[in-house]
$ cat entry_5.pdb   # PDB, C-alpha atoms and all ligand atoms
MODEL        1
ATOM      1  CA  MET A 236      26.462  15.339   8.189
ATOM      2  CA  SER A 237      25.082  14.901   4.682
ATOM      3  CA  ASP A 238      22.700  11.988   4.101
ATOM      4  CA  ARG A 239      23.784  11.898   0.461
ATOM      5  CA  THR A 240      25.418   8.834  -1.045
ATOM      6  CA  PRO A 241      29.037   9.840  -1.671
ATOM      7  CA  ILE A 242      29.673  10.504  -5.344
ATOM      8  CA  ASP A 243      31.863   8.021  -7.233
ATOM      9  CA  VAL A 244      34.584   9.411  -9.460
ATOM     10  CA  ALA A 245      35.863   7.657 -12.588
ATOM     11  CA  ARG A 246      39.121   9.095 -13.868
ATOM     12  CA  ASN A 247      39.525   6.936 -16.973
ATOM     13  CA  PRO A 248      37.315   5.165 -19.539
ATOM     14  CA  ALA A 249      37.980   1.671 -18.084
ATOM     15  CA  ASP A 250      36.690   2.660 -14.616
ATOM     16  CA  LEU A 251      33.761   4.471 -16.190
ATOM     17  CA  ARG A 252      32.811   1.417 -18.257
ATOM     18  CA  SER A 253      32.877  -1.015 -15.346
ATOM     19  CA  TRP A 254      30.667   1.426 -13.398
ATOM     20  CA  THR A 255      28.142   1.921 -16.227
ATOM     21  CA  HIS A 256      28.143  -1.837 -16.935
ATOM     22  CA  ALA A 257      27.058  -2.518 -13.340
ATOM     23  CA  ILE A 258      24.258   0.068 -13.674
ATOM     24  CA  ARG A 259      22.989  -1.385 -16.943
ATOM     25  CA  THR A 260      23.096  -4.915 -15.547
ATOM     26  CA  LYS A 261      20.586  -3.710 -12.945
ATOM     27  CA  GLY A 262      18.356  -2.507 -15.806
ATOM     28  CA  GLN A 263      18.771   1.154 -14.860
ATOM     29  CA  THR A 264      18.910   4.034 -17.356
ATOM     30  CA  ILE A 265      21.670   6.650 -17.443
ATOM     31  CA  ALA A 266      21.522  10.410 -18.058
ATOM     32  CA  LEU A 267      24.714  12.312 -18.831
ATOM     33  CA  VAL A 268      25.313  16.004 -18.127
ATOM     34  CA  PRO A 269      28.545  17.069 -19.874
ATOM     35  CA  THR A 270      30.273  20.032 -18.186
ATOM     36  CA  MET A 271      33.601  21.815 -18.133
ATOM     37  CA  GLY A 272      33.405  22.202 -14.337
ATOM     38  CA  ALA A 273      33.343  25.551 -12.477
ATOM     39  CA  LEU A 274      29.791  24.534 -11.702
ATOM     40  CA  HIS A 275      26.989  26.938 -10.777
ATOM     41  CA  ASP A 276      23.221  26.784 -10.268
ATOM     42  CA  GLY A 277      22.703  26.580 -14.028
ATOM     43  CA  HIS A 278      24.526  23.239 -14.052
ATOM     44  CA  MET A 279      22.548  22.079 -11.024
ATOM     45  CA  SER A 280      19.340  22.700 -12.965
ATOM     46  CA  LEU A 281      20.734  20.440 -15.737
ATOM     47  CA  ILE A 282      21.348  17.707 -13.143
ATOM     48  CA  ALA A 283      17.786  18.175 -11.822
ATOM     49  CA  GLU A 284      16.451  17.889 -15.383
ATOM     50  CA  ALA A 285      18.567  14.760 -15.919
ATOM     51  CA  HIS A 286      16.987  13.134 -12.849
ATOM     52  CA  ARG A 287      13.585  13.556 -14.516
ATOM     53  CA  HIS A 288      14.713  11.407 -17.472
ATOM     54  CA  ALA A 289      16.800   8.541 -16.085
ATOM     55  CA  ASP A 290      17.471   6.398 -13.003
ATOM     56  CA  VAL A 291      21.088   7.452 -12.593
ATOM     57  CA  VAL A 292      22.849  10.734 -13.417
ATOM     58  CA  ILE A 293      26.488  11.006 -14.488
ATOM     59  CA  ALA A 294      28.197  14.388 -14.928
ATOM     60  CA  SER A 295      31.405  14.685 -16.894
ATOM     61  CA  VAL A 296      33.893  17.321 -15.817
ATOM     62  CA  PHE A 297      36.442  17.992 -18.546
ATOM     63  CA  VAL A 298      37.869  21.286 -19.796
ATOM     64  CA  ASN A 299      37.977  20.456 -23.486
ATOM     65  CA  PRO A 300      41.085  21.907 -25.163
ATOM     66  CA  THR A 301      39.812  21.564 -28.736
ATOM     67  CA  GLN A 302      37.001  24.061 -28.217
ATOM     68  CA  PHE A 303      39.447  26.826 -27.267
ATOM     69  CA  ALA A 304      41.408  28.726 -29.938
ATOM     70  CA  ALA A 305      45.070  29.536 -29.221
ATOM     71  CA  HIS A 306      44.184  33.087 -28.104
ATOM     72  CA  GLU A 307      41.322  31.963 -25.835
ATOM     73  CA  ASP A 308      41.182  31.222 -22.106
ATOM     74  CA  LEU A 309      42.021  27.473 -21.864
ATOM     75  CA  ASP A 310      44.813  27.996 -19.318
ATOM     76  CA  THR A 311      42.859  30.423 -17.152
ATOM     77  CA  TYR A 312      39.419  28.778 -17.494
ATOM     78  CA  PRO A 313      38.124  28.453 -13.896
ATOM     79  CA  ARG A 314      38.833  25.029 -12.361
ATOM     80  CA  ALA A 315      37.439  23.982  -8.962
ATOM     81  CA  GLU A 316      37.228  20.201  -8.810
ATOM     82  CA  ALA A 317      36.699  19.709  -5.064
ATOM     83  CA  LYS A 318      33.813  22.197  -5.024
ATOM     84  CA  ASP A 319      32.384  20.745  -8.247
ATOM     85  CA  LEU A 320      32.344  17.218  -6.780
ATOM     86  CA  GLU A 321      30.641  18.465  -3.624
ATOM     87  CA  MET A 322      27.969  20.267  -5.662
ATOM     88  CA  LEU A 323      27.396  17.203  -7.838
ATOM     89  CA  GLU A 324      27.107  14.962  -4.780
ATOM     90  CA  ASN A 325      24.576  17.328  -3.179
ATOM     91  CA  ALA A 326      22.579  17.311  -6.420
ATOM     92  CA  GLY A 327      22.320  13.511  -6.247
ATOM     93  CA  CYS A 328      24.694  12.835  -9.112
ATOM     94  CA  ALA A 329      25.943   9.240  -8.788
ATOM     95  CA  LEU A 330      29.191   9.473 -10.764
ATOM     96  CA  ALA A 331      31.547  12.208 -11.934
ATOM     97  CA  TYR A 332      33.535  11.276 -15.025
ATOM     98  CA  CYS A 333      36.801  13.253 -14.907
ATOM     99  CA  PRO A 334      39.012  11.848 -17.683
ATOM    100  CA  SER A 335      42.478  13.113 -18.563
ATOM    101  CA  VAL A 336      43.271  14.925 -21.816
ATOM    102  CA  THR A 337      44.999  11.801 -23.200
ATOM    103  CA  ASP A 338      41.959   9.665 -22.343
ATOM    104  CA  MET A 339      39.840  11.919 -24.551
ATOM    105  CA  TYR A 340      42.556  12.747 -27.121
ATOM    106  CA  PRO A 341      44.931   9.778 -27.439
ATOM    107  CA  ILE A 342      48.484  10.616 -28.519
ATOM    108  CA  GLY A 343      48.476  11.070 -32.309
ATOM    109  CA  ASP A 344      44.728  11.748 -32.397
ATOM    110  CA  LYS A 345      43.551  12.825 -35.865
ATOM    111  CA  THR A 346      39.767  12.547 -35.710
ATOM    112  CA  ARG A 347      37.355  15.495 -35.586
ATOM    113  CA  VAL A 348      33.583  15.641 -35.850
ATOM    114  CA  THR A 349      32.191  18.529 -37.904
ATOM    115  CA  VAL A 350      28.502  19.333 -38.201
ATOM    116  CA  GLU A 351      28.513  21.268 -41.478
ATOM    117  CA  ASP A 352      26.855  24.652 -42.083
ATOM    118  CA  ILE A 353      25.240  25.326 -38.686
ATOM    119  CA  SER A 354      28.683  25.180 -37.005
ATOM    120  CA  PHE A 355      29.932  28.144 -39.039
ATOM    121  CA  ILE A 356      27.188  30.738 -38.558
ATOM    122  CA  LEU A 357      26.602  33.074 -35.562
ATOM    123  CA  GLU A 358      29.021  31.761 -32.871
ATOM    124  CA  GLY A 359      30.860  29.818 -35.573
ATOM    125  CA  GLU A 360      31.669  33.001 -37.526
ATOM    126  CA  PHE A 361      33.551  34.367 -34.547
ATOM    127  CA  ARG A 362      34.837  31.052 -33.141
ATOM    128  CA  PRO A 363      35.221  28.748 -36.205
ATOM    129  CA  HIS A 364      37.042  26.066 -34.166
ATOM    130  CA  PHE A 365      34.454  25.973 -31.393
ATOM    131  CA  PHE A 366      31.711  23.635 -32.564
ATOM    132  CA  ILE A 367      34.191  21.200 -34.120
ATOM    133  CA  GLY A 368      35.747  20.912 -30.650
ATOM    134  CA  VAL A 369      32.330  20.575 -29.004
ATOM    135  CA  ALA A 370      30.980  17.969 -31.465
ATOM    136  CA  THR A 371      34.231  15.996 -31.191
ATOM    137  CA  ILE A 372      34.304  15.883 -27.390
ATOM    138  CA  VAL A 373      30.575  15.299 -26.954
ATOM    139  CA  SER A 374      30.558  12.434 -29.461
ATOM    140  CA  ARG A 375      33.475  10.857 -27.546
ATOM    141  CA  LEU A 376      31.710  11.353 -24.211
ATOM    142  CA  PHE A 377      28.580   9.743 -25.675
ATOM    143  CA  ILE A 378      30.643   6.785 -26.912
ATOM    144  CA  HIS A 379      32.399   6.398 -23.527
ATOM    145  CA  VAL A 380      29.282   6.754 -21.348
ATOM    146  CA  MET A 381      26.616   5.457 -23.771
ATOM    147  CA  PRO A 382      23.886   7.426 -21.966
ATOM    148  CA  ASP A 383      20.191   7.004 -22.672
ATOM    149  CA  VAL A 384      19.690  10.748 -22.255
ATOM    150  CA  ALA A 385      22.004  13.770 -22.284
ATOM    151  CA  VAL A 386      21.068  17.217 -21.001
ATOM    152  CA  PHE A 387      22.434  20.536 -22.332
ATOM    153  CA  GLY A 388      21.525  24.096 -21.391
ATOM    154  CA  GLU A 389      19.616  26.315 -23.788
ATOM    155  CA  LYS A 390      22.064  29.052 -22.750
ATOM    156  CA  ASP A 391      24.289  27.588 -25.492
ATOM    157  CA  TYR A 392      21.391  27.243 -27.880
ATOM    158  CA  GLN A 393      23.394  26.741 -31.071
ATOM    159  CA  GLN A 394      25.489  24.088 -29.293
ATOM    160  CA  LEU A 395      22.293  22.241 -28.310
ATOM    161  CA  LEU A 396      21.051  22.158 -31.924
ATOM    162  CA  ILE A 397      24.454  21.036 -33.213
ATOM    163  CA  ILE A 398      24.685  18.198 -30.681
ATOM    164  CA  ARG A 399      21.158  17.034 -31.604
ATOM    165  CA  ARG A 400      22.149  16.998 -35.281
ATOM    166  CA  MET A 401      25.432  15.212 -34.537
ATOM    167  CA  ALA A 402      23.758  12.480 -32.451
ATOM    168  CA  LYS A 403      21.149  11.940 -35.159
ATOM    169  CA  ASP A 404      23.670  11.866 -38.005
ATOM    170  CA  LEU A 405      26.000   9.452 -36.188
ATOM    171  CA  GLY A 406      23.083   7.246 -35.152
ATOM    172  CA  LEU A 407      23.948   7.551 -31.468
ATOM    173  CA  PRO A 408      20.968   6.235 -29.481
ATOM    174  CA  VAL A 409      20.785   9.145 -27.047
ATOM    175  CA  ASN A 410      17.882  11.481 -26.400
ATOM    176  CA  VAL A 411      19.344  15.033 -26.346
ATOM    177  CA  VAL A 412      17.286  17.184 -23.965
ATOM    178  CA  GLY A 413      17.490  20.997 -23.701
ATOM    179  CA  ALA A 414      17.034  22.729 -20.332
ATOM    180  CA  THR A 415      15.869  26.324 -19.821
ATOM    181  CA  THR A 416      18.520  28.956 -19.079
ATOM    182  CA  ILE A 417      18.917  29.782 -15.405
ATOM    183  CA  ARG A 418      19.349  33.513 -14.701
ATOM    184  CA  GLU A 419      20.598  35.686 -11.866
ATOM    185  CA  PRO A 420      17.868  37.817 -10.220
ATOM    186  CA  ASP A 421      18.757  40.754 -12.533
ATOM    187  CA  GLY A 422      18.362  38.564 -15.636
ATOM    188  CA  LEU A 423      22.011  37.791 -16.479
ATOM    189  CA  ALA A 424      22.267  34.215 -17.782
ATOM    190  CA  MET A 425      24.405  32.082 -15.451
ATOM    191  CA  SER A 426      27.792  31.178 -16.909
ATOM    192  CA  SER A 427      31.140  30.032 -15.524
ATOM    193  CA  ARG A 428      32.718  32.977 -17.360
ATOM    194  CA  ASN A 429      30.651  35.521 -15.362
ATOM    195  CA  ALA A 430      33.360  34.999 -12.709
ATOM    196  CA  TYR A 431      35.681  37.087 -14.925
ATOM    197  CA  LEU A 432      33.489  40.221 -14.612
ATOM    198  CA  SER A 433      34.563  43.064 -12.278
ATOM    199  CA  ASN A 434      31.876  44.366  -9.896
ATOM    200  CA  THR A 435      31.019  47.262 -12.213
ATOM    201  CA  GLU A 436      30.978  45.026 -15.289
ATOM    202  CA  ARG A 437      28.780  42.534 -13.452
ATOM    203  CA  ARG A 438      26.266  45.285 -12.556
ATOM    204  CA  ASN A 439      26.175  46.584 -16.126
ATOM    205  CA  ALA A 440      25.972  43.099 -17.663
ATOM    206  CA  ALA A 441      22.305  42.926 -16.640
ATOM    207  CA  GLY A 442      21.652  45.361 -19.515
ATOM    208  CA  PHE A 443      22.540  42.607 -22.007
ATOM    209  CA  SER A 444      19.659  40.287 -21.147
ATOM    210  CA  GLN A 445      17.364  43.278 -20.594
ATOM    211  CA  ALA A 446      18.054  44.444 -24.167
ATOM    212  CA  LEU A 447      17.139  40.995 -25.497
ATOM    213  CA  ARG A 448      14.010  40.818 -23.351
ATOM    214  CA  HIS A 449      12.937  44.200 -24.748
ATOM    215  CA  ALA A 450      13.579  42.990 -28.308
ATOM    216  CA  VAL A 451      11.430  39.917 -27.662
ATOM    217  CA  HIS A 452       8.608  42.225 -26.538
ATOM    218  CA  GLN A 453       9.029  44.393 -29.653
ATOM    219  CA  LEU A 454       9.004  41.383 -31.984
ATOM    220  CA  GLU A 455       5.980  39.845 -30.300
ATOM    221  CA  THR A 456       4.050  43.131 -30.495
ATOM    222  CA  GLY A 457       4.576  43.613 -34.216
ATOM    223  CA  GLN A 458       7.785  45.622 -34.678
ATOM    224  CA  SER A 459      10.025  44.550 -37.518
ATOM    225  CA  ILE A 460      13.038  42.292 -37.024
ATOM    226  CA  SER A 461      15.382  45.035 -38.298
ATOM    227  CA  ASP A 462      13.952  47.620 -35.842
ATOM    228  CA  ALA A 463      14.119  45.242 -32.885
ATOM    229  CA  ILE A 464      17.719  44.324 -33.715
ATOM    230  CA  ALA A 465      18.720  47.999 -34.145
ATOM    231  CA  THR A 466      17.169  48.903 -30.767
ATOM    232  CA  ALA A 467      18.933  45.943 -29.132
ATOM    233  CA  TYR A 468      22.314  47.041 -30.554
ATOM    234  CA  ASP A 469      21.799  50.528 -29.050
ATOM    235  CA  ALA A 470      20.696  49.190 -25.666
ATOM    236  CA  ILE A 471      23.567  46.680 -25.442
ATOM    237  CA  GLY A 472      26.052  49.440 -26.310
ATOM    238  CA  GLN A 473      24.533  51.750 -23.696
ATOM    239  CA  ALA A 474      24.855  48.989 -21.075
ATOM    240  CA  GLY A 475      28.626  49.244 -21.574
ATOM    241  CA  LEU A 476      29.240  46.214 -23.761
ATOM    242  CA  GLY A 477      31.929  47.501 -26.097
ATOM    243  CA  LYS A 478      31.986  45.156 -29.069
ATOM    244  CA  ILE A 479      28.830  43.430 -30.246
ATOM    245  CA  ASP A 480      29.605  40.287 -32.293
ATOM    246  CA  TYR A 481      26.009  39.710 -33.369
ATOM    247  CA  VAL A 482      22.353  40.119 -32.541
ATOM    248  CA  ALA A 483      20.202  37.887 -34.749
ATOM    249  CA  VAL A 484      16.645  36.610 -34.960
ATOM    250  CA  ARG A 485      16.532  33.104 -36.413
ATOM    251  CA  ASP A 486      14.310  30.075 -36.847
ATOM    252  CA  ALA A 487      14.385  28.127 -33.571
ATOM    253  CA  GLU A 488      14.838  24.707 -35.203
ATOM    254  CA  ASP A 489      17.685  25.312 -37.665
ATOM    255  CA  LEU A 490      18.806  28.939 -37.098
ATOM    256  CA  SER A 491      17.943  29.891 -40.701
ATOM    257  CA  GLY A 492      17.325  33.609 -41.370
ATOM    258  CA  LEU A 493      13.858  35.192 -41.121
ATOM    259  CA  GLY A 494      14.461  38.393 -43.084
ATOM    260  CA  ASP A 495      14.087  41.974 -41.820
ATOM    261  CA  GLY A 496      10.329  42.385 -41.690
ATOM    262  CA  LEU A 497       7.700  41.150 -39.256
ATOM    263  CA  LEU A 498       8.384  37.895 -37.452
ATOM    264  CA  PRO A 499       6.171  35.375 -39.284
ATOM    265  CA  SER A 500       3.149  34.715 -37.089
ATOM    266  CA  GLY A 501       3.241  31.350 -35.271
ATOM    267  CA  ARG A 502       6.877  30.671 -36.228
ATOM    268  CA  LYS A 503       9.072  29.518 -33.342
ATOM    269  CA  ALA A 504      12.081  31.839 -33.405
ATOM    270  CA  ARG A 505      15.030  32.673 -31.215
ATOM    271  CA  ILE A 506      16.889  35.919 -30.630
ATOM    272  CA  LEU A 507      20.597  35.248 -30.104
ATOM    273  CA  ALA A 508      23.427  37.633 -29.239
ATOM    274  CA  ALA A 509      27.094  37.780 -28.297
ATOM    275  CA  ALA A 510      28.926  40.850 -27.019
ATOM    276  CA  TRP A 511      32.004  41.781 -25.036
ATOM    277  CA  MET A 512      31.958  43.254 -21.546
ATOM    278  CA  GLY A 513      35.577  44.343 -21.259
ATOM    279  CA  LYS A 514      37.601  41.173 -21.855
ATOM    280  CA  THR A 515      34.664  38.821 -21.179
ATOM    281  CA  ARG A 516      32.519  37.550 -24.011
ATOM    282  CA  LEU A 517      28.864  37.093 -23.042
ATOM    283  CA  ILE A 518      26.282  35.139 -25.030
ATOM    284  CA  ASP A 519      22.566  34.877 -24.477
ATOM    285  CA  ASN A 520      19.388  33.911 -26.330
ATOM    286  CA  MET A 521      15.645  33.833 -25.753
ATOM    287  CA  PRO A 522      12.628  32.209 -27.391
ATOM    288  CA  VAL A 523      10.322  34.504 -29.347
ATOM    289  CA  MET A 524       7.015  33.880 -31.106
ATOM    290  CA  ARG A 525       4.449  36.348 -32.499
ATOM    291  CA  LYS A 526       0.904  35.018 -32.141
TER     292      LYS A 526
HETATM  293  O1  LIG A 601      28.693  23.649 -22.633
HETATM  294  C1  LIG A 601      29.781  23.222 -22.198
HETATM  295  O2  LIG A 601      30.120  23.377 -21.015
HETATM  296  C2  LIG A 601      30.744  22.520 -23.153
HETATM  297  O3  LIG A 601      30.711  23.100 -24.421
HETATM  298  C3  LIG A 601      30.521  21.009 -23.230
HETATM  299  C4  LIG A 601      29.154  20.668 -23.825
HETATM  300  C5  LIG A 601      30.636  20.389 -21.849
HETATM  301  C6  LIG A 601      31.572  20.357 -24.140
HETATM  302  O4  LIG A 601      32.858  20.551 -23.637
ENDMDL
END
$ encode --input "entry_5.pdb" --output "structure tokens"
Amino acid sequence: MSDRTPIDVARNPADLRSWTHAIRTKGQTIALVPTMGALHDGHMSLIAEAHRHADVVIASVFVNPTQFAAHEDLDTYPRAEAKDLEMLENAGCALAYCPSVTDMYPIGDKTRVTVEDISFILEGEFRPHFFIGVATIVSRLFIHVMPDVAVFGEKDYQQLLIIRRMAKDLGLPVNVVGATTIREPDGLAMSSRNAYLSNTERRNAAGFSQALRHAVHQLETGQSISDAIATAYDAIGQAGLGKIDYVAVRDAEDLSGLGDGLLPSGRKARILAAAWMGKTRLIDNMPVMRK
């Protein structure tokens, strides 16, 4: 038998608010980990990080329709609530917030949150709806939960920067913390969408992160940005990823461009990429800095 405290589940904002009110009355702080469920070890590392920042950890589990375009996988996105709740309980999460679509998007809803510019580059060029959906749902989750801290994975690096900007611009008093990407032993970044990969695709997908790792090495040892990107394109293609949406080397704080030449010494940068393995779109990114 587990010695864990059973997890509480709030299925609407009113139940959530009476729960968080009781926590705050005790003077305890709250960390929120927003998720879309289909949890894996990457999410568990976010919960562990959240425990380092607050007394109580809440995870939200909500597959957010506004971040899916009509042709994307909203209907087939993996859903596994019973397993998710068990994993959250084992990770010491005190409450799962599992609202309905109409709790998050009331009938007649007309309000969207857009973080200009940064939402429409890189991922945003290929999925222009995506960050509007993310900023809208995360701002609503922040307003419902009113957490002191919220933890997001660096796996979705652009999302992390956009949420930081959004919280700052809206004056939401939440500390947005980024947590390092958790990888499979062969280097593939953990993602709920990895479940879509066939066995062969899954084996080959390791080549994606390996190509980025190699590019990081090239950039840090003085090869030009254009050469490192060209080599990464070749390696990703050879790993069997058919369509490459982008491979880019950008400033780590605001994703601005760094040109084609040498990575400026001492500048914190990030290599970011998205590519298709069959019908599954993979994204990944890594920190890079030339001394
Ligand atoms: O990263 C995710 O899983 C989602 O984009 C998020 C932040 C939970 C918003 O739906």
$ residues_around --input "entry_5.pdb" --residues "A:Ala249" --least-positions-apart "5" --cutoff "12 Å" --atoms "only C-alpha atoms" --output "PyMOL selection string"
chain A and resi 254-256+332+334+338+379-380
$ resolve_selection --input "entry_5.pdb" --expression "the PyMOL selection byres (((chain A and resi 489-505) around 7) and not hetatm)" --output "MDAnalysis selection string"
chainID A and resid 454 457:461 484:488 506:507 520:526
$ residues_near_ligand --input "entry_5.pdb" --ligand "ligand LIG 601 (chain A)" --cutoff "6 Å" --atoms "all atoms listed in the file" --output "PyMOL selection string"
chain A and resi 269-271+299+369+373
$ atom_distance --input "entry_5.pdb" --atom1 "atom CA of A:Arg246" --atom2 "atom CA of A:Val296"
9.9 Å
$ closest_residue --input "entry_5.pdb" --among "A:Leu476, A:Val386, A:Cys333, A:Ala510" --to "A:His286" --atoms "all atoms listed in the file"
A:Val386
$ axis_aligned_box --input "entry_5.pdb" --around "stretch 268-276 of chain A" --padding-each-side "8 Å" --output "JSON"
{"center_x": 28.4, "center_y": 21.5, "center_z": -15.1, "size_x": 26.4, "size_y": 26.9, "size_z": 25.6}
$ atom_distance --input "entry_5.pdb" --atom1 "atom CA of A:Arg400" --atom2 "atom CA of A:Val350"
7.4 Å
$ residues_near_point --input "entry_5.pdb" --point "(40.0, 11.3, -34.7)" --cutoff "12 Å" --atoms "all atoms listed in the file" --output "list in words"
Thr301, Met339, Tyr340, Pro341, Ile342, Gly343, Asp344, Lys345, Thr346, Arg347, Val348, Thr349, Ile367, Gly368, Ala370, Thr371, Ile372, Ser374 and Arg375 of chain A
$ residues_around --input "entry_5.pdb" --residues "A:Ala440" --least-positions-apart "2" --cutoff "8 Å" --atoms "all atoms listed in the file" --output "PyMOL selection string"
chain A and resi 423+436-438+442-444+474-476+512
$ closest_residue --input "entry_5.pdb" --among "A:Gly327, A:Gly413, A:Gly422, A:Gly359" --to "A:Arg239" --atoms "all atoms listed in the file"
A:Gly327
$ atom_distance --input "entry_5.pdb" --atom1 "atom CA of A:Ala509" --atom2 "atom CA of A:Arg362"
11.3 Å
$ resolve_selection --input "entry_5.pdb" --expression "the PyMOL selection byres (((chain A and resi 397) around 9) and not hetatm)" --output "list in words"
Val350, Ile353, Ser354, Phe366, Val369, Ala370, Tyr392, Gln393, Gln394, Leu395, Leu396, Ile398, Arg399, Arg400, Met401 and Ala402 of chain A
$ residues_around --input "entry_5.pdb" --residues "A:Glu307" --least-positions-apart "5" --cutoff "12 Å" --atoms "all atoms listed in the file" --output "MDAnalysis selection string"
chainID A and resid 300:302 312 361:362 364:365 514:516
$ residues_around --input "entry_5.pdb" --residues "A:Gln445" --least-positions-apart "4" --cutoff "9 Å" --atoms "all atoms listed in the file" --output "compact mmCIF listing (two decimals) with C-alpha atoms, keeping the file's coordinate frame"
# COMPACT_ATOMS: atom_id res chain seq x y z
CA ASP A 421 18.76 40.75 -12.53
CA GLY A 422 18.36 38.56 -15.64
CA LEU A 423 22.01 37.79 -16.48
CA ALA A 441 22.30 42.93 -16.64
CA HIS A 449 12.94 44.20 -24.75
CA ALA A 450 13.58 42.99 -28.31
CA ALA A 470 20.70 49.19 -25.67
CA ILE A 471 23.57 46.68 -25.44
$ resolve_selection --input "entry_5.pdb" --expression "the PyMOL selection byres (((chain A and resi 265) around 9) and not hetatm)" --output "ChimeraX atom specification"
/A:255,258-259,263-264,266-267,285,288-293,380-385
$ write_last_selection --input "entry_5.pdb" --atoms "C-alpha atoms" --output "tab-separated table (two decimals), in the coordinates of the input"
chain	number	residue	atom	x	y	z
A	255	THR	CA	28.14	1.92	-16.23
A	258	ILE	CA	24.26	0.07	-13.67
A	259	ARG	CA	22.99	-1.38	-16.94
A	263	GLN	CA	18.77	1.15	-14.86
A	264	THR	CA	18.91	4.03	-17.36
A	266	ALA	CA	21.52	10.41	-18.06
A	267	LEU	CA	24.71	12.31	-18.83
A	285	ALA	CA	18.57	14.76	-15.92
A	288	HIS	CA	14.71	11.41	-17.47
A	289	ALA	CA	16.80	8.54	-16.08
A	290	ASP	CA	17.47	6.40	-13.00
A	291	VAL	CA	21.09	7.45	-12.59
A	292	VAL	CA	22.85	10.73	-13.42
A	293	ILE	CA	26.49	11.01	-14.49
A	380	VAL	CA	29.28	6.75	-21.35
A	381	MET	CA	26.62	5.46	-23.77
A	382	PRO	CA	23.89	7.43	-21.97
A	383	ASP	CA	20.19	7.00	-22.67
A	384	VAL	CA	19.69	10.75	-22.26
A	385	ALA	CA	22.00	13.77	-22.28
$ closest_residue --input "entry_5.pdb" --among "A:Thr337, A:His275, A:Val244, A:Lys318" --to "A:Ala294" --atoms "all atoms listed in the file"
A:Val244
$ closest_residue --input "entry_5.pdb" --among "A:Thr416, A:Thr240, A:Thr435, A:Gln473" --to "A:Ala329" --atoms "all atoms listed in the file"
A:Thr240
